[in-house]
Amino acid sequence: MQTILNTADQPAHDSLVEKKSEFIGDAAHVDSLDEALAFVAAIREQHPKARHVAYAAVCGGADGRLSERMSDDGEPSGTAGKPILDVLKQSGTTDCVIAVTRYFGGILLGSGGLVRAYSSAASLAMKSARAARIMTARRYRVRLDYPQLARFQQILAQLDGRQEDEEYAADIQLTAVIPSDATARFEERVRETFNAAVTPEPVDMVNIPVPLD
């Protein structure tokens, strides 16, 4: 699977004109369908005079199950949301939302014309996006003494892991994100390095976007 790196604040963007109707495509990375809905609401605010803002979104859990949502936003059923969703599915893209805004030009396009226009606008937005592959990773919650931090960070770097949500107090609590194929080595190295004094606690599995070379 793949995703895109463009954020909701700076989405991938492109547009086309079909028989005087303008179709504007915007695509962004999202981690949940709730984020997708918030993105679509923001697009609507940017285009208060637009006739329609159709969209589709796909989000996938690290367990491989995908969730999707779409809306024709008043266009004839199946002519807007589904073509956008098909663009996501055919490209194997997840954790992504595409909104296509239409400014009506006064000429009816018919069902076939609408499908082509919404699909094309979605495809153009995706072509302008920064693509990334999906890496499945596991989150761990870790508690460390201050002298242990540097060595722990070396282990993370060796396994392409990363550190998140640090809390510095009497000791250090942080979240470590480890590629799923390196979790066994991570747990073993931590155990050996700190003589079992540090025990990473598994939290959940997550999808991590990794830029394509």
# chains A, B, ... in the order shown; residues from 1 in each chain; ligands from 1

call {"tool": "residues_around", "arguments": {"residues": "Lys19 in chain A", "least_positions_apart": "4", "cutoff": "8 Å", "atoms": "only C-alpha atoms", "output": "PyMOL selection string"}}
result
chain A and resi 105+107+109

call {"tool": "write_last_selection", "arguments": {"atoms": "N, CA, C and O atoms", "output": "PDB file, in the first residue's frame"}}
result
ATOM      1  N   GLY A 105     -20.906  25.411 -14.346  1.00  0.00           N
ATOM      2  CA  GLY A 105     -20.763  26.348 -15.454  1.00  0.00           C
ATOM      3  C   GLY A 105     -22.008  26.546 -16.276  1.00  0.00           C
ATOM      4  O   GLY A 105     -21.973  27.245 -17.302  1.00  0.00           O
ATOM      5  N   ILE A 107     -23.788  24.184 -17.886  1.00  0.00           N
ATOM      6  CA  ILE A 107     -24.019  23.151 -18.895  1.00  0.00           C
ATOM      7  C   ILE A 107     -24.021  21.787 -18.201  1.00  0.00           C
ATOM      8  O   ILE A 107     -23.062  21.429 -17.509  1.00  0.00           O
ATOM      9  N   LEU A 109     -23.536  17.941 -17.698  1.00  0.00           N
ATOM     10  CA  LEU A 109     -22.524  17.029 -18.246  1.00  0.00           C
ATOM     11  C   LEU A 109     -23.049  15.619 -18.449  1.00  0.00           C
ATOM     12  O   LEU A 109     -22.429  14.830 -19.163  1.00  0.00           O
TER      13      LEU A 109
END

call {"tool": "residues_around", "arguments": {"residues": "Asp171 in chain A", "least_positions_apart": "5", "cutoff": "9 Å", "atoms": "only C-alpha atoms", "output": "ChimeraX atom specification"}}
result
/A:143-146

call {"tool": "write_last_selection", "arguments": {"atoms": "N, CA and C atoms", "output": "PDB file, in the first residue's frame"}}
result
ATOM      1  N   ARG A 143      10.107   3.451  29.769  1.00  0.00           N
ATOM      2  CA  ARG A 143      10.550   4.283  30.899  1.00  0.00           C
ATOM      3  C   ARG A 143      12.054   4.091  31.064  1.00  0.00           C
ATOM      4  N   LEU A 144      12.808   5.213  31.115  1.00  0.00           N
ATOM      5  CA  LEU A 144      14.267   5.158  31.182  1.00  0.00           C
ATOM      6  C   LEU A 144      14.785   6.083  32.276  1.00  0.00           C
ATOM      7  N   ASP A 145      15.933   5.733  32.834  1.00  0.00           N
ATOM      8  CA  ASP A 145      16.698   6.671  33.638  1.00  0.00           C
ATOM      9  C   ASP A 145      17.494   7.556  32.681  1.00  0.00           C
ATOM     10  N   TYR A 146      17.824   8.744  33.108  1.00  0.00           N
ATOM     11  CA  TYR A 146      18.514   9.691  32.223  1.00  0.00           C
ATOM     12  C   TYR A 146      19.812   9.132  31.627  1.00  0.00           C
TER      13      TYR A 146
END

call {"tool": "select_by_dssp", "arguments": {"residues": "range 139-195 of chain A", "states": "strand (DSSP E)", "output": "VMD selection string"}}
result
chain A and resid 139 to 144 162 to 168 172 to 179

call {"tool": "residues_around", "arguments": {"residues": "Pro83 in chain A", "least_positions_apart": "3", "cutoff": "8 Å", "atoms": "only C-alpha atoms", "output": "NGL selection string"}}
result
:A and (78-80 or 86-87 or 115-116 or 118-119)

call {"tool": "write_last_selection", "arguments": {"atoms": "N, CA, C and O atoms", "output": "mmCIF file, in the first residue's frame"}}
result
data_model
loop_
_atom_site.group_PDB
_atom_site.id
_atom_site.type_symbol
_atom_site.label_atom_id
_atom_site.label_comp_id
_atom_site.auth_asym_id
_atom_site.auth_seq_id
_atom_site.Cartn_x
_atom_site.Cartn_y
_atom_site.Cartn_z
ATOM 1 N N GLY A 78 -23.515 8.058 -7.441
ATOM 2 C CA GLY A 78 -22.484 7.287 -8.116
ATOM 3 C C GLY A 78 -21.654 8.063 -9.115
ATOM 4 O O GLY A 78 -20.747 7.480 -9.726
ATOM 5 N N THR A 79 -21.911 9.373 -9.275
ATOM 6 C CA THR A 79 -21.190 10.124 -10.306
ATOM 7 C C THR A 79 -20.029 10.947 -9.765
ATOM 8 O O THR A 79 -19.265 11.528 -10.546
ATOM 9 N N ALA A 80 -19.865 11.026 -8.454
ATOM 10 C CA ALA A 80 -18.831 11.894 -7.891
ATOM 11 C C ALA A 80 -17.978 11.166 -6.850
ATOM 12 O O ALA A 80 -16.785 10.966 -7.037
ATOM 13 N N ASP A 86 -12.611 5.327 -6.513
ATOM 14 C CA ASP A 86 -11.959 4.397 -7.443
ATOM 15 C C ASP A 86 -10.519 4.817 -7.725
ATOM 16 O O ASP A 86 -9.632 3.964 -7.892
ATOM 17 N N VAL A 87 -10.253 6.130 -7.789
ATOM 18 C CA VAL A 87 -8.882 6.602 -7.995
ATOM 19 C C VAL A 87 -7.993 6.154 -6.845
ATOM 20 O O VAL A 87 -6.864 5.682 -7.054
ATOM 21 N N VAL A 115 -18.767 11.528 -14.141
ATOM 22 C CA VAL A 115 -17.835 10.493 -13.690
ATOM 23 C C VAL A 115 -16.429 10.791 -14.202
ATOM 24 O O VAL A 115 -15.441 10.739 -13.451
ATOM 25 N N ARG A 116 -16.313 11.123 -15.479
ATOM 26 C CA ARG A 116 -14.997 11.404 -16.056
ATOM 27 C C ARG A 116 -14.371 12.647 -15.422
ATOM 28 O O ARG A 116 -13.174 12.670 -15.123
ATOM 29 N N TYR A 118 -14.967 14.103 -12.379
ATOM 30 C CA TYR A 118 -14.563 13.905 -10.989
ATOM 31 C C TYR A 118 -13.359 12.971 -10.892
ATOM 32 O O TYR A 118 -12.441 13.192 -10.097
ATOM 33 N N SER A 119 -13.360 11.929 -11.714
ATOM 34 C CA SER A 119 -12.229 11.009 -11.726
ATOM 35 C C SER A 119 -10.954 11.716 -12.179
ATOM 36 O O SER A 119 -9.876 11.544 -11.585
#

call {"tool": "atom_distance", "arguments": {"atom1": "CA of Gln10 in chain A", "atom2": "CA of Thr136 in chain A"}}
result
24.7 Å

call {"tool": "residues_around", "arguments": {"residues": "Pro211 in chain A", "least_positions_apart": "4", "cutoff": "9 Å", "atoms": "only C-alpha atoms", "output": "ChimeraX atom specification"}}
result
/A:4-5,130-134

call {"tool": "select_by_dssp", "arguments": {"residues": "range 20-140 of chain A", "states": "alpha helix (DSSP H)", "output": "PyMOL selection string"}}
result
chain A and resi 33-46+81-91+110-127

call {"tool": "closest_residue", "arguments": {"among": "A:Leu174, A:Leu16, A:Ala197, A:Val203", "to": "Arg139 in chain A", "atoms": "only C-alpha atoms"}}
result
A:Val203

call {"tool": "closest_residue", "arguments": {"among": "A:Glu192, A:Asp204, A:Asp26, A:Asp31", "to": "Asp9 in chain A", "atoms": "only C-alpha atoms"}}
result
A:Asp26

call {"tool": "atom_distance", "arguments": {"atom1": "CA of Gly113 in chain A", "atom2": "CA of Glu45 in chain A"}}
result
26.2 Å

call {"tool": "closest_residue", "arguments": {"among": "A:Leu159, A:Glu188, A:Ala129, A:Ala41", "to": "Leu212 in chain A", "atoms": "only C-alpha atoms"}}
result
A:Ala129

call {"tool": "residues_around", "arguments": {"residues": "Ser15 in chain A", "least_positions_apart": "4", "cutoff": "12 Å", "atoms": "only C-alpha atoms", "output": "mmCIF file with N, CA, C and O atoms, in the first residue's frame"}}
result
data_model
loop_
_atom_site.group_PDB
_atom_site.id
_atom_site.type_symbol
_atom_site.label_atom_id
_atom_site.label_comp_id
_atom_site.auth_asym_id
_atom_site.auth_seq_id
_atom_site.Cartn_x
_atom_site.Cartn_y
_atom_site.Cartn_z
ATOM 1 N N SER A 21 -17.673 24.100 -16.418
ATOM 2 C CA SER A 21 -17.642 23.761 -14.989
ATOM 3 C C SER A 21 -16.190 23.540 -14.572
ATOM 4 O O SER A 21 -15.439 22.832 -15.263
ATOM 5 N N GLU A 22 -15.797 24.145 -13.461
ATOM 6 C CA GLU A 22 -14.448 23.945 -12.940
ATOM 7 C C GLU A 22 -14.482 22.880 -11.852
ATOM 8 O O GLU A 22 -15.324 22.916 -10.955
ATOM 9 N N PHE A 23 -13.556 21.933 -11.951
ATOM 10 C CA PHE A 23 -13.417 20.856 -10.970
ATOM 11 C C PHE A 23 -12.035 20.997 -10.325
ATOM 12 O O PHE A 23 -11.019 20.901 -11.016
ATOM 13 N N ILE A 24 -12.023 21.207 -9.025
ATOM 14 C CA ILE A 24 -10.779 21.454 -8.291
ATOM 15 C C ILE A 24 -10.507 20.278 -7.368
ATOM 16 O O ILE A 24 -11.309 19.970 -6.480
ATOM 17 N N GLY A 25 -9.381 19.625 -7.564
ATOM 18 C CA GLY A 25 -9.025 18.478 -6.736
ATOM 19 C C GLY A 25 -8.009 18.832 -5.661
ATOM 20 O O GLY A 25 -7.007 19.514 -5.937
ATOM 21 N N ASP A 26 -8.261 18.405 -4.438
ATOM 22 C CA ASP A 26 -7.329 18.577 -3.321
ATOM 23 C C ASP A 26 -7.174 17.246 -2.612
ATOM 24 O O ASP A 26 -8.174 16.592 -2.291
ATOM 25 N N ALA A 27 -5.947 16.848 -2.347
ATOM 26 C CA ALA A 27 -5.675 15.561 -1.706
ATOM 27 C C ALA A 27 -4.734 15.768 -0.533
ATOM 28 O O ALA A 27 -3.780 16.548 -0.610
ATOM 29 N N ALA A 99 -10.831 15.616 -2.032
ATOM 30 C CA ALA A 99 -12.050 16.403 -2.200
ATOM 31 C C ALA A 99 -12.008 17.049 -3.585
ATOM 32 O O ALA A 99 -10.974 17.580 -3.995
ATOM 33 N N VAL A 100 -13.125 16.968 -4.292
ATOM 34 C CA VAL A 100 -13.224 17.626 -5.601
ATOM 35 C C VAL A 100 -14.356 18.647 -5.526
ATOM 36 O O VAL A 100 -15.519 18.298 -5.307
ATOM 37 N N THR A 101 -13.992 19.897 -5.691
ATOM 38 C CA THR A 101 -14.938 21.009 -5.634
ATOM 39 C C THR A 101 -15.392 21.368 -7.050
ATOM 40 O O THR A 101 -14.564 21.513 -7.949
ATOM 41 N N ARG A 102 -16.701 21.513 -7.223
ATOM 42 C CA ARG A 102 -17.223 21.856 -8.546
ATOM 43 C C ARG A 102 -17.911 23.219 -8.519
ATOM 44 O O ARG A 102 -18.808 23.460 -7.709
ATOM 45 N N TYR A 103 -17.475 24.078 -9.418
ATOM 46 C CA TYR A 103 -18.184 25.317 -9.715
ATOM 47 C C TYR A 103 -18.973 25.097 -11.004
ATOM 48 O O TYR A 103 -18.389 24.904 -12.068
ATOM 49 N N ALA A 117 -15.173 13.677 -15.196
ATOM 50 C CA ALA A 117 -14.630 14.924 -14.658
ATOM 51 C C ALA A 117 -14.156 14.745 -13.212
ATOM 52 O O ALA A 117 -13.053 15.191 -12.853
ATOM 53 N N TYR A 118 -14.967 14.103 -12.379
ATOM 54 C CA TYR A 118 -14.563 13.905 -10.989
ATOM 55 C C TYR A 118 -13.359 12.971 -10.892
ATOM 56 O O TYR A 118 -12.441 13.192 -10.097
ATOM 57 N N SER A 119 -13.360 11.929 -11.714
ATOM 58 C CA SER A 119 -12.229 11.009 -11.726
ATOM 59 C C SER A 119 -10.954 11.716 -12.179
ATOM 60 O O SER A 119 -9.876 11.544 -11.585
ATOM 61 N N SER A 120 -11.060 12.533 -13.217
ATOM 62 C CA SER A 120 -9.885 13.234 -13.744
ATOM 63 C C SER A 120 -9.334 14.235 -12.732
ATOM 64 O O SER A 120 -8.114 14.337 -12.545
ATOM 65 N N ALA A 121 -10.226 14.982 -12.078
ATOM 66 C CA ALA A 121 -9.768 15.958 -11.092
ATOM 67 C C ALA A 121 -9.077 15.266 -9.921
ATOM 68 O O ALA A 121 -8.051 15.737 -9.408
ATOM 69 N N ALA A 122 -9.633 14.129 -9.481
ATOM 70 C CA ALA A 122 -9.004 13.369 -8.399
ATOM 71 C C ALA A 122 -7.639 12.845 -8.830
ATOM 72 O O ALA A 122 -6.660 12.902 -8.068
ATOM 73 N N SER A 123 -7.550 12.344 -10.060
ATOM 74 C CA SER A 123 -6.281 11.812 -10.569
ATOM 75 C C SER A 123 -5.227 12.906 -10.677
ATOM 76 O O SER A 123 -4.050 12.689 -10.358
ATOM 77 N N LEU A 124 -5.630 14.094 -11.123
ATOM 78 C CA LEU A 124 -4.687 15.203 -11.231
ATOM 79 C C LEU A 124 -4.138 15.599 -9.859
ATOM 80 O O LEU A 124 -2.943 15.875 -9.706
ATOM 81 N N ALA A 125 -5.012 15.631 -8.864
ATOM 82 C CA ALA A 125 -4.554 15.954 -7.512
ATOM 83 C C ALA A 125 -3.550 14.917 -7.016
ATOM 84 O O ALA A 125 -2.513 15.262 -6.422
ATOM 85 N N MET A 126 -3.833 13.637 -7.272
ATOM 86 C CA MET A 126 -2.924 12.587 -6.834
ATOM 87 C C MET A 126 -1.590 12.647 -7.562
ATOM 88 O O MET A 126 -0.531 12.374 -6.982
ATOM 89 N N LYS A 127 -1.610 13.011 -8.850
ATOM 90 C CA LYS A 127 -0.357 13.109 -9.605
ATOM 91 C C LYS A 127 0.534 14.222 -9.073
ATOM 92 O O LYS A 127 1.762 14.161 -9.198
ATOM 93 N N SER A 128 -0.066 15.240 -8.476
ATOM 94 C CA SER A 128 0.728 16.345 -7.939
ATOM 95 C C SER A 128 1.157 16.100 -6.496
ATOM 96 O O SER A 128 1.885 16.911 -5.918
#

call {"tool": "closest_residue", "arguments": {"among": "A:Gly106, A:Pro200, A:Gly112, A:Gly74", "to": "Lys20 in chain A", "atoms": "only C-alpha atoms"}}
result
A:Gly106

call {"tool": "closest_residue", "arguments": {"among": "A:Glu166, A:Gly161, A:Gln2, A:Ala28", "to": "Ser91 in chain A", "atoms": "only C-alpha atoms"}}
result
A:Gln2

call {"tool": "residues_around", "arguments": {"residues": "Arg138 in chain A", "least_positions_apart": "4", "cutoff": "6 Å", "atoms": "only C-alpha atoms", "output": "list in words"}}
result
Val177, Ile178, Ser180, Asp204 and Met205 of chain A

call {"tool": "closest_residue", "arguments": {"among": "A:Pro147, A:Pro179, A:Pro11, A:Gly92", "to": "Gly60 in chain A", "atoms": "only C-alpha atoms"}}
result
A:Gly92

call {"tool": "residues_around", "arguments": {"residues": "Met135 in chain A", "least_positions_apart": "3", "cutoff": "9 Å", "atoms": "only C-alpha atoms", "output": "CSV table (one decimal) with all heavy atoms, in the first residue's frame"}}
result
chain,number,residue,atom,x,y,z
A,1,MET,N,0.8,-1.2,0.0
A,1,MET,CA,0.0,0.0,0.0
A,1,MET,C,0.9,1.2,0.0
A,1,MET,O,2.0,1.2,0.4
A,1,MET,CB,-0.9,0.0,1.2
A,1,MET,CG,-1.9,-1.1,1.3
A,1,MET,SD,-3.2,-1.1,0.0
A,1,MET,CE,-4.1,0.3,0.5
A,2,GLN,N,0.3,2.4,-0.5
A,2,GLN,CA,1.0,3.6,-0.4
A,2,GLN,C,0.1,4.7,0.1
A,2,GLN,O,-1.1,4.5,0.3
A,2,GLN,CB,1.5,4.0,-1.8
A,2,GLN,CG,0.4,4.4,-2.8
A,2,GLN,CD,0.9,4.8,-4.1
A,2,GLN,OE1,1.9,4.3,-4.6
A,2,GLN,NE2,0.3,5.7,-4.8
A,62,ALA,N,-3.3,-0.9,10.9
A,62,ALA,CA,-2.1,-1.7,10.7
A,62,ALA,C,-2.5,-3.2,10.6
A,62,ALA,O,-1.6,-4.0,10.2
A,62,ALA,CB,-1.1,-1.5,11.9
A,179,PRO,N,9.8,-0.4,13.2
A,179,PRO,CA,9.3,-1.2,12.1
A,179,PRO,C,8.9,-2.6,12.5
A,179,PRO,O,9.6,-3.3,13.3
A,179,PRO,CB,10.4,-1.2,11.1
A,179,PRO,CG,11.2,0.0,11.4
A,179,PRO,CD,11.1,0.2,12.9
A,180,SER,N,7.8,-3.1,12.0
A,180,SER,CA,7.2,-4.4,12.5
A,180,SER,C,8.2,-5.5,12.3
A,180,SER,O,8.2,-6.5,13.1
A,180,SER,CB,5.9,-4.7,11.8
A,180,SER,OG,6.1,-4.8,10.4
A,206,VAL,N,0.8,0.6,14.0
A,206,VAL,CA,0.4,1.9,13.3
A,206,VAL,C,1.0,1.8,11.9
A,206,VAL,O,1.9,1.0,11.6
A,206,VAL,CB,1.0,3.1,14.0
A,206,VAL,CG1,0.3,3.3,15.3
A,206,VAL,CG2,2.5,3.0,14.2
A,207,ASN,N,0.4,2.6,11.0
A,207,ASN,CA,1.0,2.8,9.7
A,207,ASN,C,1.9,4.0,9.7
A,207,ASN,O,1.4,5.1,10.1
A,207,ASN,CB,-0.1,3.0,8.6
A,207,ASN,CG,-0.9,1.7,8.4
A,207,ASN,OD1,-0.3,0.6,8.6
A,207,ASN,ND2,-2.1,1.7,7.9
A,208,ILE,N,3.1,3.9,9.1
A,208,ILE,CA,4.0,5.0,9.1
A,208,ILE,C,4.3,5.3,7.6
A,208,ILE,O,4.7,4.4,6.8
A,208,ILE,CB,5.3,4.7,9.8
A,208,ILE,CG1,5.1,4.3,11.2
A,208,ILE,CG2,6.3,5.9,9.7
A,208,ILE,CD1,4.5,5.4,12.1
A,209,PRO,N,4.1,6.6,7.1
A,209,PRO,CA,4.5,6.9,5.8
A,209,PRO,C,6.0,7.1,5.6
A,209,PRO,O,6.6,7.8,6.4
A,209,PRO,CB,3.7,8.2,5.5
A,209,PRO,CG,3.5,8.8,6.9
A,209,PRO,CD,3.4,7.7,7.8
A,210,VAL,N,6.5,6.5,4.6
A,210,VAL,CA,8.0,6.6,4.3
A,210,VAL,C,8.1,7.1,2.9
A,210,VAL,O,7.6,6.5,1.9
A,210,VAL,CB,8.7,5.2,4.4
A,210,VAL,CG1,10.1,5.3,4.1
A,210,VAL,CG2,8.4,4.6,5.8

call {"tool": "atom_distance", "arguments": {"atom1": "CA of Leu149 in chain A", "atom2": "CA of Asn195 in chain A"}}
result
14.7 Å
